[in-house]
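Here's the structure we're looking at; comments come further down.
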Amino acid sequence: MELVVADHAGIVQLVDEAGSPVSGSQFDPTTAVGRLPELYETMVVTREVDEELVILQRQGELALFPSCRGQEAAQVGCVAALRETDWLFPQYRELGVFLQRGIDPAAVGLTWRGTRHGASGFLERAVAPMSIPIGTHALHAVGAAMASDWLRDGGVTVAFVGDGAMSEGDVHEAMNLAAVRQAPCLFFVQNNQWAISTPVSEQTRATSLALKAEGYGMPGIQVDGNDVLACLLVVEQAAERARDGNGPTLIEAITYRMGAHTTSDDPRRYRDETEVEAWAARDPIARCHTHLDRLGLLDDSLEERARSRASTMRTRLRDSIFEAPDPSPLTLFDHVYAEPPAYLIQQGAMLAEELDR
Ligand SMILES: Cc1ncc(C[n+]2csc(CCOP(=O)(O)OP(=O)(O)O)c2C)c(N)n1
């Protein structure tokens with residue numbers, strides 16, 4: 001199966017900004033439409049849990065939090081297209097990925113609180129820890145994909161990268177290696193238009209990020225990242241292609257970071273409010289809501305289920321954050337080396353002595 005290169009195909013969109021179906025696409029949404037209520041529910045829950053995490057940070061309970069508001073369709077749609085055993089390699093803004101994969105929001109919250117190490121609660125769900133160094137995890141995703149290939153276990157891996165990460169050497173190396181080795185790895189680029197305060201126009205002179213795939217020798221495709229159905233079908237096709245032994249695909253999901261870069265940022269200092277308003281009109285959840293309504297699939301029970309699941313999760317998340325004990329500072333030395341070097345053991349002993357005083 002061959003994907004059409006982005007430049008020729010244009011942006012894949014199945015539901016337009018007003019929530020109406022788009023005809024004439026090479027992708028047929030008929031079979032996926034039945035999953036729409038479930039996807040809608042997870043997007044609503046993601047937005048609510050995201051809001052709760054921002055509130056917790058504002059209340060001083062978390063050190064930092066990067067909101068994924070606006071990117072729910074890209075993240076939920078992508079993961080919904082995969083098997084539960086396909087390994088995911090997130091950057092740090094992937095709450096929708098985590099919730100669609102069934103990770104407990106407390107694992108996310110406690111990581112941002114800094115009181116739990118980042119792999120706990122993630123590895124069990126075939127998700128690597130969040131990666132703060134931009135792009136390093138793309139190489140891990142390729143390594144894991146090559147392992148899957150050698151083991152012939154049918155696994156596909158996904159590297160979640162941002163438009164900013166696309167300028168990192170590690171991501172270039174990862175894409176090149178994946179293509180050379182025909183590794184079953186998808187590069188899911190969420191082009192949310194900003195890398196902190198750097199707009200995508202200052203990130204590259206290329207007319208699209210998907211176009212870069214051509215230079216690596218893999219297909220590249222652009223998808224409307226605020227259209228959950230389109231994201232689901234595009235990723236499904238790329239995953240199938242990878243599983244069939246045809247190598248990696250670069251998927252550029254065009255979306256928008258509605259919130260600040262993190263809770264430490266004030267985007268009003270560098271971006272225009274009219275741009276934010278224009279993207280608010282393309283909101284992925286509102287679009288899905290209208291589309292479901294038009295299909296006759298939106299009823300009170302779906303709305304009620306989404307609301308009550310979100311509310312239960314928010315309460316449980318708050319309780320988990322408040323109840324979690326602060327770990328001993330000595331755990332700082334855990335999980336760094338399998339065999340800690342002498343100087344680290346010495347530093348640990350010094351800290352223990354200091355704490356005993
Ligand atoms: C290797 C490295 N360089 C720089 C940074 C500082 N930094 C943190 S976030 C960020 C922007 C990343 O933008 P993008 O990949 O578009 O992801 P987004 O935050 O928009 O989701 C940068 C440069 C870092 N964390 N790691």
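Note on naming: chains are A, B, ... as they come in the structure tokens, residues start from 1 per chain, ligands start from 1 in the order shown.
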Discussion item. Which residues are near ligand 1 - at most 10 Å, using only C-alpha atoms and all ligand atoms? Format: as a PyMOL selection string.
Written reply: chain A and resi 66-68+71+91-94+131-136+160-170+189-200+203+256-257+260-262
Output N, CA and C atoms for every residue in the selection just made, as a compact mmCIF listing (two decimals), in the first residue's frame.
# COMPACT_ATOMS: atom_id res chain seq x y z
N PRO A 66 2.36 21.21 30.77
CA PRO A 66 2.16 21.66 29.39
C PRO A 66 0.80 21.17 28.88
N SER A 67 -0.13 22.09 28.71
CA SER A 67 -1.48 21.73 28.30
C SER A 67 -1.53 21.26 26.84
N CYS A 68 -2.42 20.28 26.58
CA CYS A 68 -2.59 19.81 25.19
C CYS A 68 -3.89 20.35 24.60
N GLN A 71 -5.31 19.99 20.90
CA GLN A 71 -4.64 18.91 20.17
C GLN A 71 -5.27 17.54 20.47
N GLN A 91 6.49 13.05 23.51
CA GLN A 91 7.27 14.21 23.92
C GLN A 91 6.76 14.49 25.35
N TYR A 92 6.09 15.59 25.61
CA TYR A 92 5.60 15.86 26.97
C TYR A 92 4.18 16.42 27.00
N ARG A 93 3.64 16.76 25.77
CA ARG A 93 2.34 17.42 25.73
C ARG A 93 1.25 16.42 25.34
N GLU A 94 1.40 15.17 25.71
CA GLU A 94 0.57 14.13 25.11
C GLU A 94 -0.51 13.56 26.04
N SER A 131 9.45 12.72 27.33
CA SER A 131 10.81 13.15 27.02
C SER A 131 10.88 14.67 27.02
N ILE A 132 11.61 15.22 27.97
CA ILE A 132 11.77 16.69 28.01
C ILE A 132 12.86 17.13 27.02
N PRO A 133 13.97 16.37 26.92
CA PRO A 133 14.93 16.75 25.86
C PRO A 133 14.26 16.54 24.50
N ILE A 134 14.17 17.59 23.73
CA ILE A 134 13.40 17.53 22.49
C ILE A 134 14.06 16.60 21.48
N GLY A 135 13.31 15.60 21.07
CA GLY A 135 13.72 14.76 19.94
C GLY A 135 14.49 13.50 20.28
N THR A 136 15.06 13.41 21.47
CA THR A 136 15.88 12.22 21.77
C THR A 136 15.05 10.93 21.69
N PHE A 160 6.14 10.69 18.87
CA PHE A 160 5.34 11.93 18.85
C PHE A 160 6.31 13.10 18.92
N VAL A 161 6.37 13.89 17.86
CA VAL A 161 7.27 15.04 17.88
C VAL A 161 6.50 16.31 17.51
N GLY A 162 7.07 17.44 17.90
CA GLY A 162 6.45 18.71 17.58
C GLY A 162 7.12 19.35 16.37
N ASP A 163 6.55 20.46 15.90
CA ASP A 163 7.15 21.17 14.77
C ASP A 163 8.55 21.68 15.14
N GLY A 164 8.73 22.05 16.41
CA GLY A 164 10.06 22.49 16.86
C GLY A 164 11.05 21.34 16.84
N ALA A 165 10.59 20.18 17.28
CA ALA A 165 11.46 18.99 17.33
C ALA A 165 11.97 18.61 15.94
N MET A 166 11.22 19.00 14.92
CA MET A 166 11.63 18.67 13.55
C MET A 166 12.95 19.35 13.16
N SER A 167 13.39 20.33 13.95
CA SER A 167 14.67 20.99 13.66
C SER A 167 15.83 20.37 14.44
N GLU A 168 15.53 19.32 15.20
CA GLU A 168 16.58 18.69 16.02
C GLU A 168 17.35 17.63 15.22
N GLY A 169 18.64 17.58 15.44
CA GLY A 169 19.49 16.58 14.79
C GLY A 169 19.04 15.16 15.08
N ASP A 170 18.63 14.92 16.33
CA ASP A 170 18.22 13.56 16.71
C ASP A 170 17.04 13.08 15.86
N VAL A 189 3.92 13.96 13.73
CA VAL A 189 4.33 15.34 14.03
C VAL A 189 3.09 16.17 14.29
N GLN A 190 2.95 16.67 15.50
CA GLN A 190 1.85 17.60 15.76
C GLN A 190 2.38 19.00 15.48
N ASN A 191 2.01 19.51 14.32
CA ASN A 191 2.39 20.87 13.99
C ASN A 191 1.36 21.79 14.63
N ASN A 192 1.69 22.21 15.87
CA ASN A 192 0.74 23.07 16.60
C ASN A 192 1.11 24.55 16.42
N GLN A 193 1.90 24.81 15.39
CA GLN A 193 2.25 26.17 14.92
C GLN A 193 3.30 26.90 15.74
N TRP A 194 3.55 26.46 16.97
CA TRP A 194 4.50 27.16 17.83
C TRP A 194 5.43 26.20 18.55
N ALA A 195 6.69 26.61 18.70
CA ALA A 195 7.64 25.92 19.57
C ALA A 195 8.04 26.96 20.61
N ILE A 196 7.44 26.91 21.75
CA ILE A 196 7.43 28.01 22.73
C ILE A 196 7.03 29.28 21.95
N SER A 197 7.98 30.23 21.75
CA SER A 197 7.62 31.49 21.08
C SER A 197 8.08 31.52 19.63
N THR A 198 8.60 30.39 19.12
CA THR A 198 9.06 30.36 17.72
C THR A 198 7.95 29.83 16.82
N PRO A 199 7.46 30.65 15.87
CA PRO A 199 6.41 30.15 14.97
C PRO A 199 7.00 29.19 13.95
N VAL A 200 6.16 28.36 13.38
CA VAL A 200 6.66 27.35 12.44
C VAL A 200 7.32 28.01 11.22
N GLN A 203 10.80 28.09 11.74
CA GLN A 203 11.38 26.77 12.02
C GLN A 203 11.94 26.16 10.74
N TYR A 256 -3.30 23.17 16.59
CA TYR A 256 -2.92 24.43 17.24
C TYR A 256 -2.82 24.25 18.75
N ARG A 257 -1.78 24.84 19.31
CA ARG A 257 -1.60 24.83 20.77
C ARG A 257 -2.44 25.97 21.33
N ALA A 260 -0.94 28.05 26.73
CA ALA A 260 0.45 28.50 26.82
C ALA A 260 1.37 27.31 26.54
N HIS A 261 2.65 27.59 26.28
CA HIS A 261 3.61 26.49 26.08
C HIS A 261 3.61 25.58 27.31
N THR A 262 3.81 26.19 28.46
CA THR A 262 3.61 25.49 29.74
C THR A 262 3.01 26.52 30.69
Discussion item. Using DSSP secondary structure from the backbone, list all helix (DSSP H, G or I) positions within range 53-295 of chain A, as an MDAnalysis selection string.
Written reply: chainID A and resid 53:58 72:80 95:100 105:113 123:125 136:151 165:167 169:181 200:202 210:216 228:246 267:269 273:280 284:295
Practice prompt. Quote the spacing between CA of Ala81 in chain A and CA of Val235 in chain A in Å to one decimal place.
Written response: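 Between these atoms lies a distance of 6.0 Å.
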I'd like the neighbourhood of range 295-312 of chain A as a PDB file with N, CA, C and O atoms, in the first residue's frame, where a residue qualifies if any of its atoms comes within 7 Å (using only C-alpha atoms), though same-chain residues fewer than 6 positions away should be ignored.
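As written to disk, part-v9.pdb reads:
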ATOM      1  N   GLU A  41     -15.917  10.999  23.500  1.00  0.00           N
ATOM      2  CA  GLU A  41     -15.896  10.902  24.961  1.00  0.00           C
ATOM      3  C   GLU A  41     -14.473  11.100  25.487  1.00  0.00           C
ATOM      4  O   GLU A  41     -14.244  11.870  26.420  1.00  0.00           O
ATOM      5  N   VAL A  44     -13.354  14.730  25.236  1.00  0.00           N
ATOM      6  CA  VAL A  44     -13.967  15.569  26.278  1.00  0.00           C
ATOM      7  C   VAL A  44     -13.253  15.339  27.613  1.00  0.00           C
ATOM      8  O   VAL A  44     -12.888  16.280  28.329  1.00  0.00           O
ATOM      9  N   VAL A  45     -13.013  14.058  27.931  1.00  0.00           N
ATOM     10  CA  VAL A  45     -12.342  13.719  29.187  1.00  0.00           C
ATOM     11  C   VAL A  45     -10.921  14.324  29.195  1.00  0.00           C
ATOM     12  O   VAL A  45     -10.474  14.883  30.203  1.00  0.00           O
ATOM     13  N   GLU A  48     -11.024  18.015  29.973  1.00  0.00           N
ATOM     14  CA  GLU A  48     -11.347  18.289  31.394  1.00  0.00           C
ATOM     15  C   GLU A  48     -10.174  17.967  32.307  1.00  0.00           C
ATOM     16  O   GLU A  48      -9.866  18.713  33.226  1.00  0.00           O
ATOM     17  N   VAL A  49      -9.532  16.811  32.066  1.00  0.00           N
ATOM     18  CA  VAL A  49      -8.397  16.417  32.923  1.00  0.00           C
ATOM     19  C   VAL A  49      -7.240  17.408  32.721  1.00  0.00           C
ATOM     20  O   VAL A  49      -6.544  17.788  33.669  1.00  0.00           O
TER      21      VAL A  49
END
Response to the item:
Of A:Ala74, A:Met218, A:Cys185, A:Ala206, the one sitting nearest Leu95 in chain A when using only C-alpha atoms is A:Ala74
Discussion item. Just the number, please: distance in Å from CA of Asp319 in chain A to CA of Pro105 in chain A, one decimal.
Written reply: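 Value for the CA of Asp319 in chain A-CA of Pro105 in chain A distance: 11.3 Å.
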Discussion item. Counting only C-alpha atoms, which residue out of A:Ala80, A:Ala349, A:Ile254, A:Ala159 sits closest to Gln222 in chain A?
Written reply: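 Using only C-alpha atoms, Gln222 in chain A sits closest to A:Ile254.
Interatomic distance, CA of Cys288 in chain A against CA of Arg35 in chain A: 11.7 Å.
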Discussion item. Give me the residues near Pro325 in chain A as a VMD selection string, where near means some atom within 12 Å (using only C-alpha atoms) and where sequence neighbours in that chain fewer than 5 positions away do not count.
Written reply: chain A and resid 110 113 to 116 319 to 320
Store the residues of this selection in a file with all heavy atoms, as a compact mmCIF listing (two decimals), in the first residue's frame.
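Just written: selection-v3.txt:
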# COMPACT_ATOMS: atom_id res chain seq x y z
N LEU A 110 1.61 13.11 39.01
CA LEU A 110 2.70 12.92 39.97
C LEU A 110 4.07 13.09 39.32
O LEU A 110 5.03 13.48 39.98
CB LEU A 110 2.59 11.54 40.65
CG LEU A 110 1.38 11.44 41.60
CD1 LEU A 110 1.16 9.99 42.05
CD2 LEU A 110 1.56 12.35 42.81
N ARG A 113 4.52 16.68 39.33
CA ARG A 113 4.74 17.14 40.71
C ARG A 113 6.20 16.90 41.10
O ARG A 113 6.73 17.50 42.01
CB ARG A 113 3.80 16.37 41.66
CG ARG A 113 3.77 16.88 43.09
CD ARG A 113 2.74 16.08 43.86
NE ARG A 113 2.79 16.28 45.30
CZ ARG A 113 2.16 17.24 45.94
NH1 ARG A 113 1.44 18.12 45.27
NH2 ARG A 113 2.25 17.35 47.24
N GLY A 114 6.81 15.96 40.39
CA GLY A 114 8.22 15.66 40.66
C GLY A 114 8.40 14.69 41.80
O GLY A 114 9.49 14.57 42.36
N THR A 115 7.32 13.96 42.13
CA THR A 115 7.45 13.05 43.27
C THR A 115 7.37 11.59 42.86
O THR A 115 7.29 10.71 43.69
CB THR A 115 6.36 13.33 44.33
OG1 THR A 115 5.08 13.23 43.70
CG2 THR A 115 6.53 14.70 44.94
N ARG A 116 7.32 11.35 41.56
CA ARG A 116 7.26 9.97 41.09
C ARG A 116 8.10 9.89 39.85
O ARG A 116 8.07 10.82 39.04
CB ARG A 116 5.82 9.66 40.74
CG ARG A 116 5.54 8.20 40.55
CD ARG A 116 4.05 8.09 40.32
NE ARG A 116 3.60 6.73 40.30
CZ ARG A 116 2.36 6.39 40.03
NH1 ARG A 116 1.45 7.30 39.79
NH2 ARG A 116 2.00 5.14 40.01
N ASP A 319 -7.43 13.75 44.43
CA ASP A 319 -7.18 12.94 45.64
C ASP A 319 -5.80 12.31 45.58
O ASP A 319 -5.06 12.30 46.57
CB ASP A 319 -8.25 11.84 45.77
CG ASP A 319 -9.62 12.42 46.11
OD1 ASP A 319 -9.68 13.62 46.45
OD2 ASP A 319 -10.63 11.69 46.00
N SER A 320 -5.45 11.77 44.41
CA SER A 320 -4.14 11.09 44.29
C SER A 320 -3.00 12.07 44.54
O SER A 320 -2.00 11.71 45.17
CB SER A 320 -3.94 10.50 42.90
OG SER A 320 -5.02 9.72 42.54
Discussion item. I need the residues of range 121-312 of chain A that end up classed as strand (DSSP E or B) by DSSP on the backbone, written out as an MDAnalysis selection string.
Written reply: chainID A and resid 127 157:162 185:191 194:195 198:199 220:224 249:254
Write to file, as a CSV table (one decimal), in the first residue's frame, the residues of the selection just made, with C-alpha atoms.
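Dumped to result.csv:
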chain,number,residue,atom,x,y,z
A,127,VAL,CA,4.3,4.0,26.7
A,157,THR,CA,6.1,2.2,17.3
A,158,VAL,CA,5.2,5.9,17.2
A,159,ALA,CA,7.4,8.9,17.9
A,160,PHE,CA,5.3,11.9,18.8
A,161,VAL,CA,7.3,15.0,17.9
A,162,GLY,CA,6.5,18.7,17.6
A,185,CYS,CA,8.0,3.4,13.1
A,186,LEU,CA,5.6,6.2,12.5
A,187,PHE,CA,6.6,9.8,13.1
A,188,PHE,CA,3.5,11.6,14.2
A,189,VAL,CA,4.3,15.3,14.0
A,190,GLN,CA,1.8,17.6,15.8
A,191,ASN,CA,2.4,20.9,14.0
A,194,TRP,CA,4.5,27.2,17.8
A,195,ALA,CA,7.6,25.9,19.6
A,198,THR,CA,9.1,30.4,17.7
A,199,PRO,CA,6.4,30.2,15.0
A,220,GLY,CA,4.8,11.9,4.1
A,221,ILE,CA,1.2,12.9,4.5
A,222,GLN,CA,-0.6,16.0,6.0
A,223,VAL,CA,-3.7,15.5,7.9
A,224,ASP,CA,-6.1,17.9,9.6
A,249,THR,CA,5.7,7.1,7.5
A,250,LEU,CA,5.9,10.8,8.5
A,251,ILE,CA,2.4,12.2,9.4
A,252,GLU,CA,2.1,15.9,9.9
A,253,ALA,CA,-1.1,16.6,11.9
A,254,ILE,CA,-2.0,20.3,11.5
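Residues with any atom within 10 Å of Ala107 in chain A, counting only C-alpha atoms and excluding same-chain neighbours fewer than 4 positions away, are Phe98, Ile103, Thr111, Trp112, Arg113, Arg116, His117, Gly118, Ala119, Ser120, Gly121, Phe122, Leu317, Ser320 and Ile321 of chain A.
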